[in-house]
Structures are given as C-alpha cells and as structure tokens.
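coords35.cif (mmCIF, C-alpha atoms)
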data_final
#
loop_
_atom_site.label_atom_id
_atom_site.label_comp_id
_atom_site.auth_asym_id
_atom_site.auth_seq_id
_atom_site.Cartn_x
_atom_site.Cartn_y
_atom_site.Cartn_z
CA MET A 225 113.15 105.42 121.70
CA ARG A 226 111.48 107.53 119.02
CA VAL A 227 107.84 107.05 118.03
CA ILE A 228 106.08 108.01 114.81
CA ASN A 229 102.33 107.63 115.29
CA ASP A 230 99.50 107.12 112.84
CA ILE A 231 101.36 106.08 109.69
CA THR A 232 98.84 104.88 107.09
CA TYR A 233 100.11 101.64 105.62
CA ASP A 234 97.04 100.62 103.58
CA ARG A 235 94.60 103.03 101.91
CA ARG A 236 92.40 100.38 100.34
CA GLN A 237 89.99 100.44 103.28
CA PRO A 238 87.55 103.39 103.61
CA ASN A 239 89.41 105.02 106.51
CA GLY A 240 92.80 103.47 105.83
CA LEU A 241 94.77 101.29 108.20
CA ALA A 242 97.53 102.74 110.38
CA LEU A 243 100.49 101.70 112.48
CA ASP A 244 102.76 103.28 115.08
CA LEU A 245 106.48 102.94 114.43
CA TYR A 246 108.92 102.68 117.35
CA LEU A 247 112.54 103.33 116.46
CA PRO A 248 115.81 103.06 118.40
CA LYS A 249 117.85 106.21 118.91
CA GLY A 250 120.31 105.05 116.28
CA PRO A 251 119.94 102.87 113.17
CA ALA A 252 117.85 99.72 113.48
CA ARG A 253 119.32 96.41 112.34
CA ALA A 254 115.89 94.96 111.39
CA SER A 255 112.25 95.38 112.31
CA VAL A 256 109.39 93.59 114.06
CA LEU A 257 105.64 93.85 113.42
CA PHE A 258 103.39 93.60 116.47
CA ALA A 259 99.74 92.47 116.23
CA HIS A 260 97.38 92.87 119.19
CA GLY A 261 94.81 90.33 120.37
CA GLY A 262 91.06 90.54 120.84
CA GLY A 263 89.64 87.57 118.95
CA PHE A 264 89.64 89.54 115.65
CA TYR A 265 86.68 91.51 117.01
CA LYS A 266 88.27 94.02 119.39
CA GLY A 267 91.62 95.37 120.53
CA ALA A 268 93.90 98.30 119.81
CA ARG A 269 97.46 98.74 118.64
CA ALA A 270 98.58 100.97 121.53
CA ASP A 271 98.69 100.35 125.28
CA ALA A 272 101.25 100.29 128.09
CA ALA A 273 102.30 96.67 127.47
CA VAL A 274 102.90 97.37 123.77
CA THR A 275 105.12 100.32 124.72
CA ARG A 276 107.07 98.08 127.12
CA LEU A 277 107.68 95.54 124.37
CA ALA A 278 108.74 98.30 121.99
CA GLN A 279 111.23 99.56 124.56
CA ILE A 280 112.78 96.10 124.90
CA LEU A 281 113.13 95.71 121.15
CA THR A 282 114.43 99.22 120.46
CA ASP A 283 116.97 98.81 123.29
CA HIS A 284 118.34 95.95 121.18
CA ASP A 285 118.43 98.04 117.99
CA LEU A 286 115.24 96.63 116.49
CA ALA A 287 112.44 98.81 115.14
CA MET A 288 108.87 97.81 116.00
CA ALA A 289 105.61 98.70 114.28
CA SER A 290 102.28 98.09 116.02
CA ALA A 291 99.52 97.85 113.43
CA SER A 292 95.75 98.17 113.46
CA TYR A 293 93.77 95.77 111.29
CA ARG A 294 90.13 95.27 110.38
CA LEU A 295 87.98 93.88 113.18
CA GLY A 296 84.81 91.84 112.94
CA THR A 297 84.98 91.48 109.16
CA LYS A 298 81.93 89.64 107.82
CA PRO A 299 81.95 87.03 105.04
CA GLU A 300 80.26 89.50 102.68
CA ALA A 301 83.53 91.43 102.49
CA PHE A 302 84.96 88.61 100.35
CA SER A 303 84.15 87.29 96.91
CA PRO A 304 81.87 84.23 96.75
CA ALA A 305 84.85 82.07 95.79
CA ASP A 306 86.94 83.27 98.73
CA ARG A 307 83.98 82.88 101.11
CA ARG A 308 83.74 79.26 100.05
CA LEU A 309 87.46 78.67 100.65
CA ILE A 310 87.22 80.28 104.11
CA GLN A 311 84.26 78.03 104.97
CA ILE A 312 86.13 74.92 103.80
CA SER A 313 89.11 75.84 106.01
CA GLN A 314 86.81 76.48 108.99
CA THR A 315 85.33 73.01 108.57
CA ARG A 316 88.76 71.46 108.31
CA THR A 317 89.85 73.28 111.50
CA ALA A 318 86.79 71.90 113.31
CA ASN A 319 87.70 68.39 112.16
CA SER A 320 91.41 68.66 112.91
CA GLY A 321 91.21 68.07 116.65
CA LEU A 322 91.53 71.74 117.60
CA SER A 323 89.13 73.18 120.16
CA VAL A 324 89.29 76.84 119.11
CA SER A 325 86.26 79.03 118.43
CA SER A 326 85.14 79.09 114.80
CA ARG A 327 85.47 82.87 114.72
CA LEU A 328 89.24 82.49 115.17
CA CYS A 329 89.48 80.88 111.73
CA GLY A 330 86.70 82.63 109.77
CA SER A 331 86.28 85.79 107.73
CA ALA A 332 87.56 88.14 110.46
CA PHE A 333 90.71 86.02 110.76
CA GLU A 334 91.29 86.09 107.00
CA ALA A 335 90.81 89.87 106.83
CA ALA A 336 93.34 90.33 109.64
CA ARG A 337 95.80 88.02 107.87
CA GLN A 338 95.58 90.07 104.70
CA ASP A 339 95.81 93.42 106.52
CA LEU A 340 98.84 92.38 108.56
CA GLY A 341 100.41 91.02 105.39
CA ALA A 342 99.99 94.51 103.90
CA ALA A 343 101.67 95.98 106.99
CA LEU A 344 104.59 93.58 106.48
CA GLY A 345 104.85 94.71 102.87
CA TRP A 346 104.87 98.37 103.94
CA MET A 347 107.66 97.72 106.43
CA ARG A 348 109.82 96.04 103.83
CA ALA A 349 109.23 98.86 101.33
CA ALA A 350 109.84 101.66 103.86
CA HIS A 351 112.77 100.26 105.83
CA LYS A 352 115.45 102.46 104.27
CA ALA A 353 113.39 105.63 104.73
CA HIS A 354 113.36 105.00 108.49
CA GLY A 355 117.00 104.03 108.96
CA ILE A 356 116.38 100.30 109.18
CA HIS A 357 119.32 98.37 107.75
CA SER A 358 117.52 95.16 106.78
CA GLU A 359 114.24 94.56 104.98
CA LYS A 360 113.71 91.44 107.11
CA VAL A 361 110.69 91.62 109.42
CA GLY A 362 109.93 89.50 112.45
CA PHE A 363 106.44 89.19 113.88
CA VAL A 364 105.12 89.23 117.45
CA GLY A 365 101.44 88.48 117.87
CA VAL A 366 99.29 88.07 120.96
CA SER A 367 96.25 85.76 120.88
CA ALA A 368 94.43 86.57 117.61
CA GLY A 369 97.50 88.50 116.49
CA GLY A 370 99.64 85.42 117.03
CA ILE A 371 97.15 83.25 115.13
CA ALA A 372 97.35 85.68 112.19
CA GLY A 373 101.16 85.71 112.36
CA LEU A 374 101.36 81.92 112.16
CA ALA A 375 98.94 81.97 109.22
CA LEU A 376 101.18 84.48 107.44
CA ALA A 377 104.17 82.25 108.06
CA TYR A 378 102.33 79.15 106.78
CA PRO A 379 99.69 80.57 104.44
CA PRO A 380 96.70 79.10 102.60
CA ARG A 381 97.31 78.05 99.01
CA PHE A 382 94.37 79.58 97.18
CA LEU A 383 93.47 82.78 99.07
CA PRO A 384 95.31 86.04 98.26
CA GLU A 385 99.06 85.78 98.72
CA CYS A 386 100.63 87.99 101.40
CA PRO A 387 104.22 88.80 102.38
CA ARG A 388 105.58 86.26 104.86
CA PRO A 389 107.39 87.23 108.07
CA ASP A 390 110.97 86.07 108.54
CA ALA A 391 110.23 84.75 112.06
CA VAL A 392 107.18 84.64 114.35
CA PHE A 393 106.83 84.79 118.14
CA ALA A 394 103.20 83.89 118.91
CA VAL A 395 101.86 84.47 122.44
CA SER A 396 98.68 82.74 123.70
CA ALA A 397 98.11 81.37 120.20
CA CYS A 398 98.22 78.27 118.03
CA ALA A 399 98.14 77.39 114.34
CA VAL A 400 94.44 77.20 113.48
CA GLN A 401 95.35 75.54 110.16
CA PRO A 402 98.07 73.13 111.34
CA TRP A 403 97.96 71.12 108.11
CA ARG A 404 99.72 74.09 106.43
CA LEU A 405 102.92 73.62 108.45
CA THR A 406 105.87 72.55 106.29
CA PRO A 407 109.64 72.15 106.77
CA HIS A 408 110.25 75.18 104.57
CA GLY A 409 108.59 77.96 106.58
CA PRO A 410 110.15 80.60 108.82
CA PRO A 411 111.09 79.76 112.43
CA CYS A 412 108.29 80.22 114.95
CA VAL A 413 108.10 80.16 118.74
CA LEU A 414 104.85 79.73 120.68
CA LEU A 415 104.47 80.87 124.32
CA ASN A 416 101.44 79.47 126.16
CA ASN A 417 100.31 78.21 129.55
CA ASP A 418 98.43 75.18 130.82
CA ARG A 419 95.53 77.19 132.29
CA ASP A 420 94.30 79.14 129.28
CA LYS A 421 90.55 78.69 128.76
CA ILE A 422 90.49 80.42 125.35
CA ILE A 423 93.47 78.83 123.61
CA ARG A 424 93.39 75.60 125.58
CA PRO A 425 96.75 73.86 125.95
CA GLU A 426 95.79 70.98 123.68
CA ASN A 427 95.78 73.43 120.75
CA PRO A 428 99.44 74.58 120.86
CA ARG A 429 100.37 70.97 121.65
CA LEU A 430 98.62 69.86 118.48
CA THR A 431 100.54 72.57 116.60
CA GLN A 432 103.80 71.24 118.03
CA ARG A 433 103.00 67.62 117.20
CA ARG A 434 102.18 68.55 113.63
CA ALA A 435 105.38 70.62 113.39
CA ARG A 436 107.49 67.71 114.64
CA GLY A 437 105.75 65.33 112.27
CA VAL A 438 106.60 67.36 109.17
CA GLY A 439 109.87 68.91 110.37
CA ALA A 440 108.56 72.48 110.59
CA PRO A 441 110.83 74.87 112.56
CA VAL A 442 108.32 75.52 115.36
CA LYS A 443 109.23 75.56 119.06
CA SER A 444 106.95 75.69 122.11
CA LEU A 445 107.55 77.47 125.42
CA TRP A 446 105.34 77.32 128.51
CA CYS A 447 104.93 79.73 131.40
CA ASP A 448 103.47 79.20 134.87
CA ARG A 449 101.12 82.18 134.91
CA LYS A 450 97.38 81.52 134.82
CA GLY A 451 94.99 82.92 132.23
CA HIS A 452 94.76 83.79 128.58
CA ASN A 453 96.61 87.12 128.79
CA ALA A 454 99.23 85.89 131.25
CA PRO A 455 101.88 84.75 128.73
CA PHE A 456 102.32 88.30 127.40
CA LEU A 457 103.12 89.49 130.93
CA ALA A 458 105.43 86.50 131.33
CA LEU A 459 107.23 87.54 128.16
CA LEU A 460 107.76 91.03 129.55
CA GLU A 461 108.59 90.13 133.16
CA ASP A 462 109.40 86.47 133.82
CA ARG A 463 112.20 83.96 133.43
CA ASP A 464 111.77 80.62 131.73
CA PRO A 465 112.35 78.11 134.56
CA THR A 466 113.40 75.42 132.08
CA ALA A 467 116.11 77.44 130.38
CA GLY A 468 116.90 79.67 133.36
CA ARG A 469 116.75 82.90 131.38
CA PRO A 470 114.16 85.61 130.65
CA TYR A 471 111.52 84.84 128.06
CA THR A 472 112.67 87.97 126.25
CA ASP A 473 115.96 86.16 125.57
CA HIS A 474 114.01 83.62 123.50
CA LEU A 475 112.38 86.49 121.63
CA LEU A 476 115.68 88.25 120.93
CA THR A 477 117.44 85.03 119.96
CA LEU A 478 114.70 84.35 117.40
CA PHE A 479 115.11 87.80 115.91
CA ASP A 480 118.94 87.88 116.05
CA ALA A 481 118.92 86.01 112.74
CA LEU A 482 117.19 88.99 111.14
#

Reformat the file's structure so that it appears as structure tokens.
Amino acid sequence: MRVINDITYDRRQPNGLALDLYLPKGPARASVLFAHGGGFYKGARADAAVTRLAQILTDHDLAMASASYRLGTKPEAFSPADRRLIQISQTRTANSGLSVSSRLCGSAFEAARQDLGAALGWMRAAHKAHGIHSEKVGFVGVSAGGIAGLALAYPPRFLPECPRPDAVFAVSACAVQPWRLTPHGPPCVLLNNDRDKIIRPENPRLTQRRARGVGAPVKSLWCDRKGHNAPFLALLEDRDPTAGRPYTDHLLTLFDAL
C-alpha cells in the first residue's frame, strides 16, 4: 500500500481541507471515500483503524481517501435562506420518529455534507492522475461520517447540490432525513447494533422501513458487539453470523459494482 498524505482537495476554506490517499501497489479499479465520526464536532481522518480499513480495500485493488471536513460549523456560516432550510429539516427530523440529537442534522451536518461532496468531486476529477481506472467512488462513513454519506446519496432538494457517491456503507449511522429516500438512489448498506446509545436501534430500523416502503436500495446488517463504536471493529474483525461470512465481504460486494 502506498500513501500520499495531506492532499488539499478544497481551498475555499481559510486553511483548506485535506485528505490522505491510500493506493494499491498496482492500478486501482475504483476508489472509496472514508469519513470519520465524532458527531460533526470532533474526530480526525487518520488513526490505526482507518489504516486497517485502507489495507483491506487496497488489498482488493481499491484506492481509499480519508478526508477531513469542517467541524462544529455554526449556522452563521450559511446564508439566511440556507439557515432557514436547515432549521426546517431539523424540525422535520424531530417530528419523523427519529431519536437522534439535533446536532446530527443541523448546520455542522450540512457543512460536512458539502465538504465531503467536494472530496467526492476531487476524487472523480483526479482519478486518472493517480492510476485509478474508474471515476466511480464508493463511500464508507462511521457515525457522523455515515450520516453525511447517506445524505450525499439521498440529498436535500434546495440546499447546494453535491456529487453523489456510487454506493455507501454506513457504520453506526442512520438516515437523519429518511423522507429523502427514493427508489432511484445508489445502493447503501447500514451496519449497526442493538446496544448503541447514540444511534439507537430504532433509528436505522426506521431508515430500513422507509427504504422498503419506497423501494430504495438500502440494506441493514446487525452485529453483536456492544456500544456505538463497536460496529466499526466488527467490520474489521468479525463475521456476520446470519450470512456466515466476514462483514468485509458485504463491504467488498457492495463496491464490486464500482
């Protein structure tokens, strides 16, 4: 695996936004964008678990970029019109039956969605320069990162348009705007557990019910580990007892279509 650190993908912010690009030894057949968790208020793009995921993907001839994005963005960063739209969506989330924190669907969430959309756009534009055969980009997001990935896959109608991923694997996450699910979006897989106190299990179940109701290509997986961060470790280390194969097989099967 080769690593190129600190690539600036968006210079619109005062200090720019950067990503680390992990490449297989030979050509990559497609690429995956990784987004860390932290509730849109903390987190970093590099740690040991991210490197482990990158190794799995590059071993299967996929490139992976792990991107930073703005954290803790306040409403004042947006125009008055966009602030109003964000507030309307927050209210609708609160009335939808979800039990997620309001900060997971507010201004910090919207800033992360737009930043990660810019990272997706950079990856599509730069794929040939880095020996990546396809401009298609999958998305792996953990917690807040997974929430942002699902929002990129099924975006709001009136806020700024962003590139959409070609597939999403969301870990410890749910769709915080489930009314945006449609039959025409990219395939998504959610990996959760029944003992998560931050993204409580009723939230991904509501996502799945909505997906089934409208025919959206969204699938749910469950692991036996306890805690909010446990599904990411399950993805890296465990086997799905229902299917009898590693959770990474689900990840790779999703991205094989890329």

Have a look at atom CA of A:Pro389 and atom CA of A:Gly341 and let me know their distance in Å, one decimal. 8.4 Å

Can you work out the spacing between atom CA of A:Cys412 and atom CA of A:Ala270 in Å, to one decimal? 23.8 Å

Quick one: pull the distance between atom CA of A:Arg424 and atom CA of A:His452, Å, one decimal. 8.8 Å

So that I can check the surroundings of stretch 275-291 of chain A, please list as number ranges by chain every protein, DNA and RNA residue that reaches within 8 Å of it, counting all atoms listed in the file and ignoring chain neighbours fewer than 5 positions away. A: 225, 241-260, 269-270, 340, 343, 356, 460, 476

Would you pick out the contacts of stretch 428-435 of chain A at 6 Å or less, using all atoms listed in the file, so that residues sharing its chain but fewer than 6 positions from it are not included, and give the list as a list in words? Cys398, Ala399 and Pro402 of chain A

Output of the PyMOL selection byres ((chain A and resi 267) around 12), listed as number ranges by chain: A: 259-266, 268-271, 274, 290-296, 366-369

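In this comparison, which uses all atoms listed in the file, the residue of A:Leu415, A:Ala336, A:Cys447, A:Val361 approaching A:Pro387 most closely is A:Val361.
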
Could you spell out the hits of the PyMOL selection byres ((chain A and resi 384) around 12) on the shown file, as a CSV table (one decimal) with C-alpha atoms, in the coordinates of the input?
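Final file, result.csv:
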chain,number,residue,atom,x,y,z
A,302,PHE,CA,85.0,88.6,100.4
A,303,SER,CA,84.2,87.3,96.9
A,305,ALA,CA,84.8,82.1,95.8
A,306,ASP,CA,86.9,83.3,98.7
A,309,LEU,CA,87.5,78.7,100.6
A,310,ILE,CA,87.2,80.3,104.1
A,334,GLU,CA,91.3,86.1,107.0
A,335,ALA,CA,90.8,89.9,106.8
A,337,ARG,CA,95.8,88.0,107.9
A,338,GLN,CA,95.6,90.1,104.7
A,339,ASP,CA,95.8,93.4,106.5
A,341,GLY,CA,100.4,91.0,105.4
A,342,ALA,CA,100.0,94.5,103.9
A,376,LEU,CA,101.2,84.5,107.4
A,379,PRO,CA,99.7,80.6,104.4
A,380,PRO,CA,96.7,79.1,102.6
A,381,ARG,CA,97.3,78.0,99.0
A,382,PHE,CA,94.4,79.6,97.2
A,383,LEU,CA,93.5,82.8,99.1
A,385,GLU,CA,99.1,85.8,98.7
A,386,CYS,CA,100.6,88.0,101.4
A,387,PRO,CA,104.2,88.8,102.4

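Of the residues listed (A:Ala377, A:Ala272, A:Leu457, A:Met347), A:Leu457 shows the shortest atom-to-atom separation from A:Tyr471; distances use only C-alpha atoms.
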
Can I get the residues of stretch 389-472 of chain A within 7 Å of stretch 311-330 of chain A, each with the closest pair of atoms and their distance in Å to one decimal, using all atoms listed in the file, sorted chain first then ascending number, as CSV?
residue,atom,partner,partner_atom,distance
A:Val400,CA,A:Thr317,CA,6.4
A:Gln401,CA,A:Thr317,CA,6.1
A:Ile423,CA,A:Val324,CA,6.5
A:Asn427,CA,A:Leu322,CA,5.6
